[in-house]
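Below: run36.cif (mmCIF, C-alpha atoms)
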data_my_file
loop_
_atom_site.label_atom_id
_atom_site.label_comp_id
_atom_site.auth_asym_id
_atom_site.auth_seq_id
_atom_site.Cartn_x
_atom_site.Cartn_y
_atom_site.Cartn_z
CA MET S 16 156.34 197.50 21.99
CA THR S 17 154.35 196.62 18.90
CA SER S 18 152.81 193.24 18.23
CA THR S 19 155.01 190.32 19.15
CA VAL S 20 153.46 188.20 16.41
CA GLN S 21 155.67 188.44 13.40
CA THR S 22 156.61 185.93 10.81
CA THR S 23 160.26 185.15 10.74
CA THR S 24 161.88 183.84 7.62
CA THR S 25 165.05 182.93 9.48
CA GLN S 26 166.01 179.30 10.08
CA VAL S 27 168.47 178.28 12.80
CA TYR S 28 170.26 174.95 13.05
CA ARG S 29 172.77 173.69 15.59
CA VAL S 30 174.85 170.54 15.75
CA TYR S 31 177.43 169.39 18.28
CA ILE S 32 180.48 167.75 16.75
CA LYS S 33 183.38 165.95 18.38
CA ALA S 34 186.05 167.64 16.29
CA SER S 35 188.23 170.71 16.50
CA ALA S 36 186.94 174.09 15.37
CA GLN S 37 189.60 174.04 12.63
CA ALA S 38 188.43 170.63 11.33
CA ILE S 39 184.84 171.91 11.15
CA TRP S 40 185.96 175.12 9.47
CA ASP S 41 187.91 173.12 6.89
CA ALA S 42 184.95 170.82 6.26
CA ILE S 43 182.82 173.88 5.42
CA THR S 44 185.34 175.86 3.40
CA GLN S 45 187.45 173.30 1.51
CA PRO S 46 186.23 171.59 -1.66
CA GLU S 47 187.87 168.25 -0.88
CA TRP S 48 185.65 168.11 2.21
CA THR S 49 182.44 169.62 0.86
CA ASN S 50 182.22 167.00 -1.87
CA ARG S 51 181.98 164.28 0.78
CA TYR S 52 178.75 165.11 2.61
CA GLY S 53 175.22 166.40 2.14
CA TYR S 54 174.53 167.66 -1.36
CA THR S 55 178.25 167.34 -2.18
CA GLY S 56 179.81 169.82 -4.63
CA TYR S 57 183.02 171.81 -4.63
CA VAL S 58 183.05 175.10 -2.74
CA GLU S 59 185.28 177.98 -3.62
CA TYR S 60 185.64 180.73 -1.04
CA ASP S 61 187.72 183.86 -1.27
CA LEU S 62 187.79 184.30 2.50
CA HIS S 63 187.81 188.10 2.69
CA PRO S 64 184.95 190.58 2.94
CA GLY S 65 183.80 191.17 -0.62
CA GLY S 66 185.37 187.90 -1.79
CA HIS S 67 183.37 185.45 -3.89
CA TYR S 68 181.69 182.25 -2.81
CA LYS S 69 180.81 179.62 -5.39
CA VAL S 70 179.75 176.01 -5.42
CA ARG S 71 180.30 173.76 -8.43
CA PRO S 72 178.42 170.48 -8.62
CA GLY S 73 180.35 167.21 -8.17
CA GLU S 74 180.48 164.79 -11.11
CA GLU S 75 178.02 162.34 -9.59
CA PHE S 76 175.46 165.01 -8.72
CA LYS S 77 175.80 166.44 -12.22
CA ALA S 78 175.23 163.04 -13.83
CA THR S 79 172.26 162.17 -11.60
CA SER S 80 170.65 165.52 -12.21
CA GLU S 81 171.15 165.32 -15.95
CA ALA S 82 169.69 161.82 -16.02
CA MET S 83 166.58 163.29 -14.37
CA GLY S 84 166.37 165.85 -17.17
CA ASN S 85 167.78 168.77 -15.23
CA LYS S 86 171.11 169.87 -16.63
CA LEU S 87 172.98 171.80 -13.96
CA PRO S 88 174.77 175.07 -14.52
CA ASP S 89 178.55 175.11 -13.84
CA ILE S 90 177.94 177.11 -10.71
CA ILE S 91 174.97 176.04 -8.59
CA ILE S 92 175.40 178.43 -5.65
CA GLU S 93 176.88 181.88 -5.66
CA GLY S 94 177.39 184.50 -3.02
CA GLU S 95 179.76 186.97 -1.45
CA VAL S 96 181.82 186.65 1.71
CA LEU S 97 180.72 189.30 4.21
CA GLU S 98 182.81 188.23 7.17
CA ALA S 99 185.45 185.54 7.67
CA ASP S 100 187.01 184.91 11.05
CA PRO S 101 188.61 181.44 10.83
CA PRO S 102 187.84 179.07 12.45
CA HIS S 103 184.92 180.71 14.25
CA LYS S 104 182.65 182.75 12.06
CA LEU S 105 181.76 182.89 8.40
CA VAL S 106 179.04 185.10 6.95
CA THR S 107 178.15 184.95 3.28
CA THR S 108 175.32 185.83 0.98
CA PHE S 109 173.78 182.85 -0.77
CA ARG S 110 171.75 182.29 -3.88
CA MET S 111 170.88 178.96 -5.46
CA LEU S 112 171.10 178.86 -9.24
CA MET S 113 169.93 175.30 -9.78
CA ASP S 114 166.52 176.26 -11.05
CA PRO S 115 165.09 179.48 -12.48
CA GLN S 116 162.58 179.99 -9.66
CA MET S 117 165.26 180.02 -6.99
CA ALA S 118 167.74 181.91 -9.15
CA ALA S 119 165.14 184.69 -9.43
CA GLU S 120 164.94 185.09 -5.66
CA PRO S 121 167.10 187.69 -3.89
CA PHE S 122 170.39 186.85 -2.17
CA THR S 123 169.89 185.34 1.27
CA ARG S 124 172.40 185.33 4.08
CA ILE S 125 174.08 182.42 5.90
CA THR S 126 176.07 182.69 9.11
CA HIS S 127 178.19 179.78 10.34
CA GLU S 128 179.36 180.04 13.95
CA ILE S 129 181.73 177.51 15.50
CA LYS S 130 182.21 177.50 19.26
CA GLN S 131 184.76 175.41 21.11
CA LEU S 132 183.19 173.67 24.10
CA ASP S 133 184.56 171.05 26.44
CA GLY S 134 185.98 168.40 24.10
CA TYR S 135 183.63 169.20 21.23
CA CYS S 136 182.31 172.13 19.24
CA SER S 137 178.93 173.58 18.43
CA LEU S 138 178.22 174.63 14.89
CA THR S 139 175.29 177.00 14.47
CA LEU S 140 173.96 177.82 11.03
CA THR S 141 171.60 180.76 10.69
CA HIS S 142 169.95 181.28 7.32
CA GLU S 143 168.13 184.57 6.81
CA LEU S 144 165.73 183.89 3.97
CA ASP S 145 163.82 187.12 3.41
CA GLY S 146 161.99 187.09 0.09
CA ALA S 147 163.16 183.58 -0.82
CA PRO S 148 160.29 181.17 -0.12
CA HIS S 149 161.40 178.55 -2.65
CA LEU S 150 164.89 178.36 -1.27
CA ALA S 151 163.44 178.34 2.27
CA SER S 152 161.38 175.23 1.53
CA ILE S 153 164.39 173.43 0.03
CA VAL S 154 166.83 174.26 2.83
CA GLY S 155 164.11 173.62 5.42
CA GLY S 156 163.85 170.05 4.12
CA ALA S 157 160.19 170.37 3.04
CA MET S 158 160.97 169.07 -0.44
CA GLU S 159 162.84 165.97 0.66
CA GLU S 160 160.20 163.50 -0.54
CA TYR S 161 160.48 165.04 -4.00
CA GLY S 162 164.16 164.20 -4.15
CA ALA S 163 165.48 167.61 -3.10
CA GLY S 164 167.45 166.33 -0.10
CA GLY S 165 166.81 167.12 3.54
CA GLY S 166 168.15 170.67 3.60
CA HIS S 167 170.41 172.09 6.29
CA ALA S 168 169.42 169.54 8.98
CA TRP S 169 170.43 166.74 6.64
CA VAL S 170 173.68 168.44 5.61
CA LEU S 171 174.71 169.20 9.20
CA SER S 172 173.91 165.75 10.55
CA ASP S 173 175.85 164.27 7.66
CA LEU S 174 178.78 166.61 8.33
CA LYS S 175 178.79 165.46 11.95
CA THR S 176 178.81 161.81 10.89
CA LEU S 177 181.64 162.43 8.42
CA LEU S 178 183.85 164.24 10.93
CA GLU S 179 183.19 161.81 13.76
CA THR S 180 183.34 158.53 11.86
CA GLY S 181 185.28 159.34 8.71
CA SER S 182 182.44 158.41 6.40
CA SER S 183 179.26 160.25 5.60
CA PHE S 184 175.80 158.87 6.07
CA ALA S 185 174.30 160.12 2.82
CA ASN S 186 177.04 158.65 0.71
CA THR S 187 177.46 155.24 2.28
CA ASP S 188 174.96 153.60 -0.03
CA SER S 189 176.58 154.81 -3.23
CA MET J 202 176.62 160.56 22.13
CA THR J 203 174.33 158.33 24.17
CA ASP J 204 173.89 161.21 26.60
CA ASP J 205 172.76 163.38 23.70
CA ASP J 206 170.20 160.78 22.62
CA ASP J 207 168.98 160.42 26.21
CA ARG J 208 168.41 164.15 26.47
CA VAL J 209 166.47 164.21 23.21
CA PHE J 210 164.25 161.27 24.13
CA LYS J 211 163.63 162.69 27.60
CA ALA J 212 162.79 166.08 26.16
CA LEU J 213 160.33 164.49 23.73
CA ALA J 214 158.72 162.34 26.42
CA ASP J 215 156.49 165.18 27.59
CA PRO J 216 153.28 166.42 25.91
CA THR J 217 153.88 170.08 26.79
CA ARG J 218 157.32 170.01 25.24
CA ARG J 219 156.02 168.27 22.12
CA PHE J 220 153.30 170.91 21.94
CA LEU J 221 155.93 173.66 22.12
CA LEU J 222 157.89 172.00 19.29
CA ASP J 223 154.70 171.70 17.22
CA ARG J 224 154.04 175.41 17.71
CA LEU J 225 157.56 176.24 16.57
CA PHE J 226 157.22 173.91 13.62
CA ALA J 227 154.07 175.79 12.59
CA ARG J 228 155.87 179.10 12.94
CA ASP J 229 159.47 179.46 13.94
CA GLY J 230 161.24 182.21 15.85
CA ARG J 231 158.76 182.90 18.68
CA THR J 232 159.18 184.75 21.94
CA LEU J 233 158.48 183.26 25.35
CA THR J 234 155.46 185.54 25.65
CA GLU J 235 153.95 184.15 22.46
CA LEU J 236 154.59 180.54 23.41
CA GLU J 237 153.25 181.10 26.90
CA SER J 238 149.99 182.58 25.59
CA GLU J 239 149.07 179.22 24.04
CA LEU J 240 149.51 177.22 27.24
CA GLU J 241 147.62 177.04 30.51
CA MET J 242 150.82 177.29 32.46
CA THR J 243 152.87 179.84 34.35
CA ARG J 244 155.63 181.72 32.57
CA PHE J 245 158.11 179.99 34.82
CA GLY J 246 156.73 176.56 33.88
CA VAL J 247 157.05 177.29 30.16
CA MET J 248 160.59 178.59 30.72
CA LYS J 249 161.52 175.32 32.42
CA HIS J 250 160.20 173.27 29.52
CA LEU J 251 162.01 175.47 27.00
CA ARG J 252 165.18 175.03 29.01
CA VAL J 253 164.90 171.22 28.73
CA LEU J 254 164.32 171.53 24.98
CA GLU J 255 167.30 173.84 24.70
CA ASP J 256 169.55 171.48 26.66
CA ALA J 257 168.55 168.68 24.29
CA GLY J 258 169.43 170.92 21.35
CA LEU J 259 165.86 170.81 20.03
CA VAL J 260 165.39 174.54 20.50
CA VAL J 261 167.99 177.18 19.71
CA THR J 262 167.54 180.76 20.85
CA ARG J 263 168.73 183.86 19.15
CA ARG J 264 168.50 187.48 20.20
CA SER J 265 166.75 189.91 17.92
CA GLY J 266 166.96 193.41 19.37
CA ARG J 267 165.48 193.16 22.86
CA GLU J 268 163.71 189.89 22.17
CA LYS J 269 164.85 186.33 22.59
CA LEU J 270 163.47 184.21 19.78
CA HIS J 271 163.07 180.44 19.95
CA PHE J 272 163.79 178.30 16.91
CA LEU J 273 163.08 174.64 16.34
CA ASN J 274 166.35 172.84 15.62
CA PRO J 275 165.58 169.63 13.68
CA VAL J 276 169.18 168.33 13.65
CA PRO J 277 168.94 166.11 16.78
CA ILE J 278 165.79 164.47 15.43
CA ARG J 279 167.55 163.96 12.13
CA LEU J 280 170.44 162.27 13.90
CA ILE J 281 168.07 159.92 15.72
CA HIS J 282 166.36 159.25 12.42
CA ASN J 283 169.69 158.35 10.84
CA ARG J 284 170.74 156.29 13.81
CA TRP J 285 167.53 154.29 14.36
CA ILE J 286 164.80 154.67 11.82
CA ASP J 287 166.73 154.29 8.59
CA LYS J 288 168.20 151.14 10.01
CA TYR J 289 164.74 149.56 10.29
CA ASN J 290 163.62 150.87 6.93
CA GLU J 291 166.66 149.26 5.38
CA ARG J 292 165.76 145.96 6.97
CA GLN J 293 162.20 146.22 5.67
CA VAL J 294 163.43 147.03 2.22
CA SER J 295 165.86 144.15 2.20
CA ALA J 296 163.16 141.82 3.61
CA LEU J 297 160.91 142.82 0.73
CA ALA J 298 163.72 142.33 -1.73
CA ASP J 299 164.33 138.84 -0.32
CA LEU J 300 160.64 138.02 -0.51
CA LYS J 301 160.52 139.15 -4.12
CA ALA J 302 163.55 137.01 -4.96
CA GLN J 303 162.03 133.97 -3.25
CA LEU J 304 158.65 134.36 -4.92
CA GLU J 305 160.21 134.81 -8.30
CA GLU J 306 162.37 131.76 -7.85
CA GLN J 307 159.28 129.64 -7.26
CA THR J 308 157.65 130.61 -10.54
#
Once more with this new file: its structure as structure tokens, please.
Amino acid sequence: MTSTVQTTTTQVYRVYIKASAQAIWDAITQPEWTNRYGYTGYVEYDLHPGGHYKVRPGEEFKATSEAMGNKLPDIIIEGEVLEADPPHKLVTTFRMLMDPQMAAEPFTRITHEIKQLDGYCSLTLTHELDGAPHLASIVGGAMEEYGAGGGHAWVLSDLKTLLETGSSFANTDS
Amino acid sequence: MTDDDDRVFKALADPTRRFLLDRLFARDGRTLTELESELEMTRFGVMKHLRVLEDAGLVVTRRSGREKLHFLNPVPIRLIHNRWIDKYNERQVSALADLKAQLEEQT
């Protein structure tokens, strides 16, 4: 075996949610759900291998961003569906188009896995971020104090709150 | 829910386990062998600590070829943050807002 010291660019997140696998799947893949937690925005998935994956910004996010001098493109995230096994596994490529630095980085890869446990589910998100250090710092939450949101940990905890209580944490103050 | 919080607080209430989390924060996706090399402790001891962290959801493992890699999962800490810390921040902020209003009324 060669050296065990290697730098990984993969990030892994897991949250336990008291909801059905189908409810979690819907919350990830349906625009009426995705606009209610985390960064908000409307997803569009063509849930077949080779199908597209797009996220359009919600009106509020668009307005806030524009007020801060950053006009958003119509599509802020794009990717391709690699594997879709509802309601258990979804693998897509992922590229953020919100700013030129991130848009110039290569496609990364996100795997969502939903496992039914005793009365609740686990949702594991694995983000393989090879060659995408800017995106890695955003989704890792390192840029939160600069107004970039808390990344995947923030999104997943907010998703849990939304599914378990019916209202999201991030959007209660608006 | 309370059980989950208990597990997280218990897992964090140990310096070795906090050290392991700090190591993973510095660089994620490590093997047991790597983590063990930084501690004066038997392999079995480190495994036990990692197990507690895993049960609390603070560490998630993932296989990569023949290796088992350990990742820091920040979601439980985030949930505690949402549940407890923001609540106090809010109170501080509103206390400051009240103070400001009172002081301004006096002038």
Running the PyMOL selection byres ((chain S) within 10 of (chain J)) on this model by hand, what would come out? Give it as a PDB file with C-alpha atoms, in the coordinates of the input.
ATOM      1  CA  THR S  19     155.010 190.320  19.150  1.00  0.00           C
ATOM      2  CA  VAL S  20     153.460 188.200  16.410  1.00  0.00           C
ATOM      3  CA  GLN S  21     155.670 188.440  13.400  1.00  0.00           C
ATOM      4  CA  THR S  22     156.610 185.930  10.810  1.00  0.00           C
ATOM      5  CA  THR S  23     160.260 185.150  10.740  1.00  0.00           C
ATOM      6  CA  THR S  24     161.880 183.840   7.620  1.00  0.00           C
ATOM      7  CA  THR S  25     165.050 182.930   9.480  1.00  0.00           C
ATOM      8  CA  GLN S  26     166.010 179.300  10.080  1.00  0.00           C
ATOM      9  CA  VAL S  27     168.470 178.280  12.800  1.00  0.00           C
ATOM     10  CA  TYR S  28     170.260 174.950  13.050  1.00  0.00           C
ATOM     11  CA  ARG S  29     172.770 173.690  15.590  1.00  0.00           C
ATOM     12  CA  VAL S  30     174.850 170.540  15.750  1.00  0.00           C
ATOM     13  CA  TYR S  31     177.430 169.390  18.280  1.00  0.00           C
ATOM     14  CA  ILE S  32     180.480 167.750  16.750  1.00  0.00           C
ATOM     15  CA  LYS S  33     183.380 165.950  18.380  1.00  0.00           C
ATOM     16  CA  THR S 139     175.290 177.000  14.470  1.00  0.00           C
ATOM     17  CA  THR S 141     171.600 180.760  10.690  1.00  0.00           C
ATOM     18  CA  GLY S 155     164.110 173.620   5.420  1.00  0.00           C
ATOM     19  CA  GLY S 156     163.850 170.050   4.120  1.00  0.00           C
ATOM     20  CA  GLY S 165     166.810 167.120   3.540  1.00  0.00           C
ATOM     21  CA  HIS S 167     170.410 172.090   6.290  1.00  0.00           C
ATOM     22  CA  ALA S 168     169.420 169.540   8.980  1.00  0.00           C
ATOM     23  CA  TRP S 169     170.430 166.740   6.640  1.00  0.00           C
ATOM     24  CA  VAL S 170     173.680 168.440   5.610  1.00  0.00           C
ATOM     25  CA  LEU S 171     174.710 169.200   9.200  1.00  0.00           C
ATOM     26  CA  SER S 172     173.910 165.750  10.550  1.00  0.00           C
ATOM     27  CA  ASP S 173     175.850 164.270   7.660  1.00  0.00           C
ATOM     28  CA  LYS S 175     178.790 165.460  11.950  1.00  0.00           C
ATOM     29  CA  THR S 176     178.810 161.810  10.890  1.00  0.00           C
ATOM     30  CA  PHE S 184     175.800 158.870   6.070  1.00  0.00           C
ATOM     31  CA  ALA S 185     174.300 160.120   2.820  1.00  0.00           C
TER      32      ALA S 185
END
Item to check | Residues selected by the PyMOL selection byres ((chain S and resi 75-82) around 12), written as a PyMOL selection string | outcome: chain S and resi 50-57+71-74+83-91+113-114+162-164+186+189
Store the residues picked out above in a file with C-alpha atoms, as an mmCIF file, keeping the file's coordinate frame.
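Here's the written file again35.cif:
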data_model
loop_
_atom_site.group_PDB
_atom_site.id
_atom_site.type_symbol
_atom_site.label_atom_id
_atom_site.label_comp_id
_atom_site.auth_asym_id
_atom_site.auth_seq_id
_atom_site.Cartn_x
_atom_site.Cartn_y
_atom_site.Cartn_z
ATOM 1 C CA ASN S 50 182.220 167.000 -1.870
ATOM 2 C CA ARG S 51 181.980 164.280 0.780
ATOM 3 C CA TYR S 52 178.750 165.110 2.610
ATOM 4 C CA GLY S 53 175.220 166.400 2.140
ATOM 5 C CA TYR S 54 174.530 167.660 -1.360
ATOM 6 C CA THR S 55 178.250 167.340 -2.180
ATOM 7 C CA GLY S 56 179.810 169.820 -4.630
ATOM 8 C CA TYR S 57 183.020 171.810 -4.630
ATOM 9 C CA ARG S 71 180.300 173.760 -8.430
ATOM 10 C CA PRO S 72 178.420 170.480 -8.620
ATOM 11 C CA GLY S 73 180.350 167.210 -8.170
ATOM 12 C CA GLU S 74 180.480 164.790 -11.110
ATOM 13 C CA MET S 83 166.580 163.290 -14.370
ATOM 14 C CA GLY S 84 166.370 165.850 -17.170
ATOM 15 C CA ASN S 85 167.780 168.770 -15.230
ATOM 16 C CA LYS S 86 171.110 169.870 -16.630
ATOM 17 C CA LEU S 87 172.980 171.800 -13.960
ATOM 18 C CA PRO S 88 174.770 175.070 -14.520
ATOM 19 C CA ASP S 89 178.550 175.110 -13.840
ATOM 20 C CA ILE S 90 177.940 177.110 -10.710
ATOM 21 C CA ILE S 91 174.970 176.040 -8.590
ATOM 22 C CA MET S 113 169.930 175.300 -9.780
ATOM 23 C CA ASP S 114 166.520 176.260 -11.050
ATOM 24 C CA GLY S 162 164.160 164.200 -4.150
ATOM 25 C CA ALA S 163 165.480 167.610 -3.100
ATOM 26 C CA GLY S 164 167.450 166.330 -0.100
ATOM 27 C CA ASN S 186 177.040 158.650 0.710
ATOM 28 C CA SER S 189 176.580 154.810 -3.230
#
Next on the checklist: What does the structure give for the distance between atom CA of S:Tyr135 and atom CA of J:Leu254, in Å to one decimal?
Outcome noted: 19.8 Å
Checklist entry - What is the distance, in Å and to one decimal place, between atom CA of S:Ala42 and atom CA of S:Gly146? => result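 If I compute the distance from atom CA of S:Ala42 to atom CA of S:Gly146, I get 28.8 Å.
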Checklist outcome for this item: As a check of understanding: the span from atom CA of J:Met242 to atom CA of J:Leu221 is 12.1 Å
I want to know what sits within 12 Å of stretch 102-108 of chain S, based on only C-alpha atoms, with residues of the same chain fewer than 5 positions away left out; could you give that as a CSV table (one decimal) with C-alpha atoms, in the coordinates of the input?
chain,number,residue,atom,x,y,z
S,35,SER,CA,188.2,170.7,16.5
S,36,ALA,CA,186.9,174.1,15.4
S,37,GLN,CA,189.6,174.0,12.6
S,38,ALA,CA,188.4,170.6,11.3
S,39,ILE,CA,184.8,171.9,11.2
S,40,TRP,CA,186.0,175.1,9.5
S,41,ASP,CA,187.9,173.1,6.9
S,42,ALA,CA,185.0,170.8,6.3
S,43,ILE,CA,182.8,173.9,5.4
S,44,THR,CA,185.3,175.9,3.4
S,60,TYR,CA,185.6,180.7,-1.0
S,61,ASP,CA,187.7,183.9,-1.3
S,62,LEU,CA,187.8,184.3,2.5
S,63,HIS,CA,187.8,188.1,2.7
S,64,PRO,CA,185.0,190.6,2.9
S,65,GLY,CA,183.8,191.2,-0.6
S,66,GLY,CA,185.4,187.9,-1.8
S,67,HIS,CA,183.4,185.4,-3.9
S,68,TYR,CA,181.7,182.2,-2.8
S,69,LYS,CA,180.8,179.6,-5.4
S,92,ILE,CA,175.4,178.4,-5.6
S,93,GLU,CA,176.9,181.9,-5.7
S,94,GLY,CA,177.4,184.5,-3.0
S,95,GLU,CA,179.8,187.0,-1.4
S,96,VAL,CA,181.8,186.6,1.7
S,97,LEU,CA,180.7,189.3,4.2
S,121,PRO,CA,167.1,187.7,-3.9
S,122,PHE,CA,170.4,186.8,-2.2
S,123,THR,CA,169.9,185.3,1.3
S,124,ARG,CA,172.4,185.3,4.1
S,125,ILE,CA,174.1,182.4,5.9
S,126,THR,CA,176.1,182.7,9.1
S,127,HIS,CA,178.2,179.8,10.3
S,128,GLU,CA,179.4,180.0,14.0
S,129,ILE,CA,181.7,177.5,15.5
S,130,LYS,CA,182.2,177.5,19.3
S,131,GLN,CA,184.8,175.4,21.1
S,136,CYS,CA,182.3,172.1,19.2
S,137,SER,CA,178.9,173.6,18.4
S,138,LEU,CA,178.2,174.6,14.9
S,139,THR,CA,175.3,177.0,14.5
S,140,LEU,CA,174.0,177.8,11.0
S,141,THR,CA,171.6,180.8,10.7
S,142,HIS,CA,170.0,181.3,7.3
S,143,GLU,CA,168.1,184.6,6.8
S,144,LEU,CA,165.7,183.9,4.0
S,145,ASP,CA,163.8,187.1,3.4
Next on the checklist: With distances taken over all atoms listed in the file, which residue among J:Met248, J:Leu225, J:Glu255, J:Leu233 lies nearest J:Ala212?
Outcome noted: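 With all atoms listed in the file as the atom set, the closest residue is J:Glu255.
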Checklist entry - For J:Thr217, which residue among J:Lys249, J:His282, J:Lys301, J:Arg267 is the nearest when counting only C-alpha atoms? => result J:Lys249
Next on the checklist: Give me the residues near stretch 207-211 of chain J as a list in words, where near means some atom within 6 Å (using only C-alpha atoms) and where sequence neighbours in that chain fewer than 3 positions away do not count.
Outcome noted: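 Final neighbour list, sorted by chain and number: Asp204, Ala214 and Ala257 of chain J.
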Checklist outcome for this item: Using all atoms listed in the file, the best pick from S:Met158, S:Leu132, S:Leu150, S:Leu174 as closest to S:Ala119 would be S:Leu150
Item to check | Using all atoms listed in the file: which of J:Lys269, J:Asp299, J:Leu240, J:Arg264 has the shortest distance to J:Pro216 | outcome: J:Leu240
